[in-house]
Amino acid sequence: EAKTSEEWQAANENSQPVWCYYENDVANGTKYGKLYNWYAVNDTRGLAPTGWHIPTDQEWTVLSTFLGGADVAGEKMKSSLVWSENGNRNNISGFSGLPGGCRAGGNGDFNNVGSLGYWWSALEDNKIGCASFRYLCHCYNLHTDDDTNQYCGFSVRCVRDGDKSLPKIVKEPKTPDIVVIGTQTWTTKNLDLATFRNGEAVPEAKTSKEWQAAGKNKQAAWCYYENDVANGTKYGKLYNWYAVSDKRGLAPAGWHVPTDQEWTVLSDFLGGNDAAGKKMKTNTGWLGNGNGTNSSGFLGLPGGVRLSLGDFGTSGNSGVWWSASESLETNAWFRGFNYLPSNLYRNELTKDYGFSFRCVKD
């Protein structure tokens, strides 16, 4: 620890690791964490905990790109509190970026707490004694700077070791396969349940007549695409909206049908409707070169639909999911994407259609 300016300067002159609290105040440490010079970040003994590492400049770029680019990433990364001069933002990424300020490299002065947040990368710059970093200020941007001296005191964030090409999909005990996308936890498979939460059966409707009757009587119903169990294994079941909204609960305990607003939160986090579909679609299984990147981990498959009269259509080239939100007495909101274009679209249809169903964790 270097409390005085002399201690800070001496550590840097000798290329030694050092840290401090902003203005040497423990309360600032509790709020913002410690400030480190780059020698602490780069020390071969490892500053990050086991299983974690300091992000490289490229890893910061991956984060920024995923959030829609540097021009908009800052708004999604900044906390919704603490920032001065109306600098708070929505923090929909969950990054919770705080304005922890910095310590100047040369004289050891403290600056910019409340208005700026700085984070080191693990990349040494080409210029001697310099390293790259990222910073947030009042505007939306996530700024890049690759030309500051290693004497400065900045905050540090850690990235988990391992494959960072896609979000990690995990299976918790007695829960569906899940992925965390921003502040939300989604299932990665379409629902394939034939019972409500209380154990009562959801009626299967195989024939067009059975499907139409369920819709006319506002009763829950499900089916496999083209009544083929193999399609159920691949895509899950198709449900009418009366099954989705039934008070007995179609989602497993601890989960719920996403509202229209929760779908919007997901779309906004992934860069808006025009960008989200590509990130949500699987990278195989779509017709007509319609595969996505699945960079979100959502694993969106083209499970098709069942129309109100009982006909099946669009398997292989569209995926559609109900929301829990009504638009009219007869209609409800849904989200979907086609093979081309790949945008995630929002629309409403009558509740007797058969769409797929995903869950969001409570």
# chains A, B, ... in the order shown; residues from 1 in each chain; ligands from 1

call {"tool": "residues_around", "arguments": {"residues": "A:Cys152", "least_positions_apart": "6", "cutoff": "9 Å", "atoms": "only C-alpha atoms", "output": "VMD selection string"}}
result
chain A and resid 12 35 to 38 102 to 106 108

call {"tool": "residues_around", "arguments": {"residues": "A:Thr282", "least_positions_apart": "4", "cutoff": "7 Å", "atoms": "only C-alpha atoms", "output": "count of residues only"}}
result
7

call {"tool": "select_by_dssp", "arguments": {"residues": "stretch 280-322 of chain A", "states": "strand (DSSP E or B)", "output": "list in words"}}
result
Lys281, Gly300, Val305, Arg306, Phe312, Gly313, Ser318, Gly319, Val320, Trp321 and Trp322 of chain A

call {"tool": "write_last_selection", "arguments": {"atoms": "C-alpha atoms", "output": "short mmCIF file (atom, residue, chain, number, x, y, z; two decimals), in the first residue's frame"}}
result
data_model
loop_
_atom_site.label_atom_id
_atom_site.label_comp_id
_atom_site.auth_asym_id
_atom_site.auth_seq_id
_atom_site.Cartn_x
_atom_site.Cartn_y
_atom_site.Cartn_z
CA LYS A 281 -30.33 -17.79 -33.35
CA GLY A 300 -33.06 -19.97 -30.75
CA VAL A 305 -45.90 -22.57 -35.58
CA ARG A 306 -49.41 -23.95 -35.57
CA PHE A 312 -48.53 -26.29 -39.32
CA GLY A 313 -45.96 -24.07 -40.98
CA SER A 318 -38.89 -19.29 -38.24
CA GLY A 319 -38.99 -19.45 -34.47
CA VAL A 320 -41.78 -17.77 -32.47
CA TRP A 321 -42.24 -17.42 -28.69
CA TRP A 322 -45.21 -16.22 -26.65
#

call {"tool": "closest_residue", "arguments": {"among": "A:Asn240, A:Val82, A:Val179, A:Lys76", "to": "A:Lys216", "atoms": "only C-alpha atoms"}}
result
A:Asn240

call {"tool": "residues_around", "arguments": {"residues": "stretch 256-258 of chain A", "least_positions_apart": "2", "cutoff": "10 Å", "atoms": "only C-alpha atoms", "output": "number ranges by chain"}}
result
A: 186, 244-245, 249-254, 260-264, 321-325, 334, 357-362

call {"tool": "write_last_selection", "arguments": {"atoms": "N, CA and C atoms", "output": "PDB file, in the first residue's frame"}}
result
ATOM      1  N   TRP A 186     -32.377 -16.995 -18.609  1.00  0.00           N
ATOM      2  CA  TRP A 186     -33.324 -17.609 -19.536  1.00  0.00           C
ATOM      3  C   TRP A 186     -33.058 -19.103 -19.653  1.00  0.00           C
ATOM      4  N   VAL A 244     -50.289 -20.885 -21.842  1.00  0.00           N
ATOM      5  CA  VAL A 244     -49.251 -19.999 -21.316  1.00  0.00           C
ATOM      6  C   VAL A 244     -49.771 -19.171 -20.146  1.00  0.00           C
ATOM      7  N   SER A 245     -51.023 -18.727 -20.236  1.00  0.00           N
ATOM      8  CA  SER A 245     -51.573 -17.809 -19.230  1.00  0.00           C
ATOM      9  C   SER A 245     -52.377 -18.514 -18.142  1.00  0.00           C
ATOM     10  N   GLY A 249     -50.180 -22.475 -13.850  1.00  0.00           N
ATOM     11  CA  GLY A 249     -48.754 -22.268 -14.052  1.00  0.00           C
ATOM     12  C   GLY A 249     -48.111 -23.300 -14.947  1.00  0.00           C
ATOM     13  N   LEU A 250     -47.695 -22.864 -16.134  1.00  0.00           N
ATOM     14  CA  LEU A 250     -47.013 -23.765 -17.048  1.00  0.00           C
ATOM     15  C   LEU A 250     -45.518 -23.809 -16.790  1.00  0.00           C
ATOM     16  N   ALA A 251     -44.955 -22.697 -16.357  1.00  0.00           N
ATOM     17  CA  ALA A 251     -43.515 -22.651 -16.074  1.00  0.00           C
ATOM     18  C   ALA A 251     -43.207 -23.407 -14.781  1.00  0.00           C
ATOM     19  N   PRO A 252     -42.024 -24.027 -14.698  1.00  0.00           N
ATOM     20  CA  PRO A 252     -41.630 -24.708 -13.451  1.00  0.00           C
ATOM     21  C   PRO A 252     -41.532 -23.726 -12.285  1.00  0.00           C
ATOM     22  N   ALA A 253     -41.566 -24.224 -11.078  1.00  0.00           N
ATOM     23  CA  ALA A 253     -41.439 -23.382  -9.879  1.00  0.00           C
ATOM     24  C   ALA A 253     -40.147 -22.578  -9.949  1.00  0.00           C
ATOM     25  N   GLY A 254     -40.232 -21.296  -9.636  1.00  0.00           N
ATOM     26  CA  GLY A 254     -39.066 -20.416  -9.677  1.00  0.00           C
ATOM     27  C   GLY A 254     -38.872 -19.742 -11.022  1.00  0.00           C
ATOM     28  N   ASP A 260     -43.962  -9.050 -22.154  1.00  0.00           N
ATOM     29  CA  ASP A 260     -43.515  -8.287 -23.318  1.00  0.00           C
ATOM     30  C   ASP A 260     -42.364  -7.362 -22.945  1.00  0.00           C
ATOM     31  N   GLN A 261     -42.427  -6.759 -21.767  1.00  0.00           N
ATOM     32  CA  GLN A 261     -41.363  -5.867 -21.318  1.00  0.00           C
ATOM     33  C   GLN A 261     -40.062  -6.630 -21.089  1.00  0.00           C
ATOM     34  N   GLU A 262     -40.141  -7.836 -20.564  1.00  0.00           N
ATOM     35  CA  GLU A 262     -38.921  -8.623 -20.340  1.00  0.00           C
ATOM     36  C   GLU A 262     -38.272  -9.036 -21.658  1.00  0.00           C
ATOM     37  N   TRP A 263     -39.070  -9.294 -22.674  1.00  0.00           N
ATOM     38  CA  TRP A 263     -38.510  -9.527 -24.008  1.00  0.00           C
ATOM     39  C   TRP A 263     -37.798  -8.278 -24.503  1.00  0.00           C
ATOM     40  N   THR A 264     -38.350  -7.118 -24.217  1.00  0.00           N
ATOM     41  CA  THR A 264     -37.722  -5.864 -24.640  1.00  0.00           C
ATOM     42  C   THR A 264     -36.396  -5.646 -23.932  1.00  0.00           C
ATOM     43  N   TRP A 321     -42.062 -17.157 -30.126  1.00  0.00           N
ATOM     44  CA  TRP A 321     -42.245 -17.416 -28.690  1.00  0.00           C
ATOM     45  C   TRP A 321     -43.297 -16.458 -28.112  1.00  0.00           C
ATOM     46  N   TRP A 322     -44.189 -17.025 -27.319  1.00  0.00           N
ATOM     47  CA  TRP A 322     -45.210 -16.220 -26.649  1.00  0.00           C
ATOM     48  C   TRP A 322     -44.585 -15.335 -25.569  1.00  0.00           C
ATOM     49  N   SER A 323     -45.224 -14.201 -25.308  1.00  0.00           N
ATOM     50  CA  SER A 323     -45.011 -13.460 -24.065  1.00  0.00           C
ATOM     51  C   SER A 323     -46.233 -13.681 -23.179  1.00  0.00           C
ATOM     52  N   ALA A 324     -46.152 -13.214 -21.947  1.00  0.00           N
ATOM     53  CA  ALA A 324     -47.278 -13.346 -21.015  1.00  0.00           C
ATOM     54  C   ALA A 324     -48.236 -12.161 -21.106  1.00  0.00           C
ATOM     55  N   SER A 325     -47.999 -11.272 -22.083  1.00  0.00           N
ATOM     56  CA  SER A 325     -48.731 -10.005 -22.116  1.00  0.00           C
ATOM     57  C   SER A 325     -49.802  -9.993 -23.196  1.00  0.00           C
ATOM     58  N   PHE A 334     -45.998 -11.460 -28.982  1.00  0.00           N
ATOM     59  CA  PHE A 334     -44.988 -12.518 -29.127  1.00  0.00           C
ATOM     60  C   PHE A 334     -43.739 -11.931 -29.758  1.00  0.00           C
ATOM     61  N   PHE A 357     -42.277 -21.636 -26.295  1.00  0.00           N
ATOM     62  CA  PHE A 357     -42.393 -20.995 -24.991  1.00  0.00           C
ATOM     63  C   PHE A 357     -41.045 -21.127 -24.263  1.00  0.00           C
ATOM     64  N   ARG A 358     -40.499 -19.999 -23.852  1.00  0.00           N
ATOM     65  CA  ARG A 358     -39.294 -19.982 -23.024  1.00  0.00           C
ATOM     66  C   ARG A 358     -39.641 -19.462 -21.637  1.00  0.00           C
ATOM     67  N   CYS A 359     -38.764 -19.707 -20.661  1.00  0.00           N
ATOM     68  CA  CYS A 359     -38.977 -19.266 -19.285  1.00  0.00           C
ATOM     69  C   CYS A 359     -37.871 -18.317 -18.850  1.00  0.00           C
ATOM     70  N   VAL A 360     -38.213 -17.402 -17.957  1.00  0.00           N
ATOM     71  CA  VAL A 360     -37.272 -16.490 -17.301  1.00  0.00           C
ATOM     72  C   VAL A 360     -37.313 -16.757 -15.802  1.00  0.00           C
ATOM     73  N   LYS A 361     -36.159 -16.738 -15.193  1.00  0.00           N
ATOM     74  CA  LYS A 361     -36.073 -17.015 -13.769  1.00  0.00           C
ATOM     75  C   LYS A 361     -36.690 -15.874 -12.959  1.00  0.00           C
ATOM     76  N   ASP A 362     -37.441 -16.230 -11.896  1.00  0.00           N
ATOM     77  CA  ASP A 362     -38.063 -15.224 -11.035  1.00  0.00           C
ATOM     78  C   ASP A 362     -37.000 -14.365 -10.368  1.00  0.00           C
TER      79      ASP A 362
END
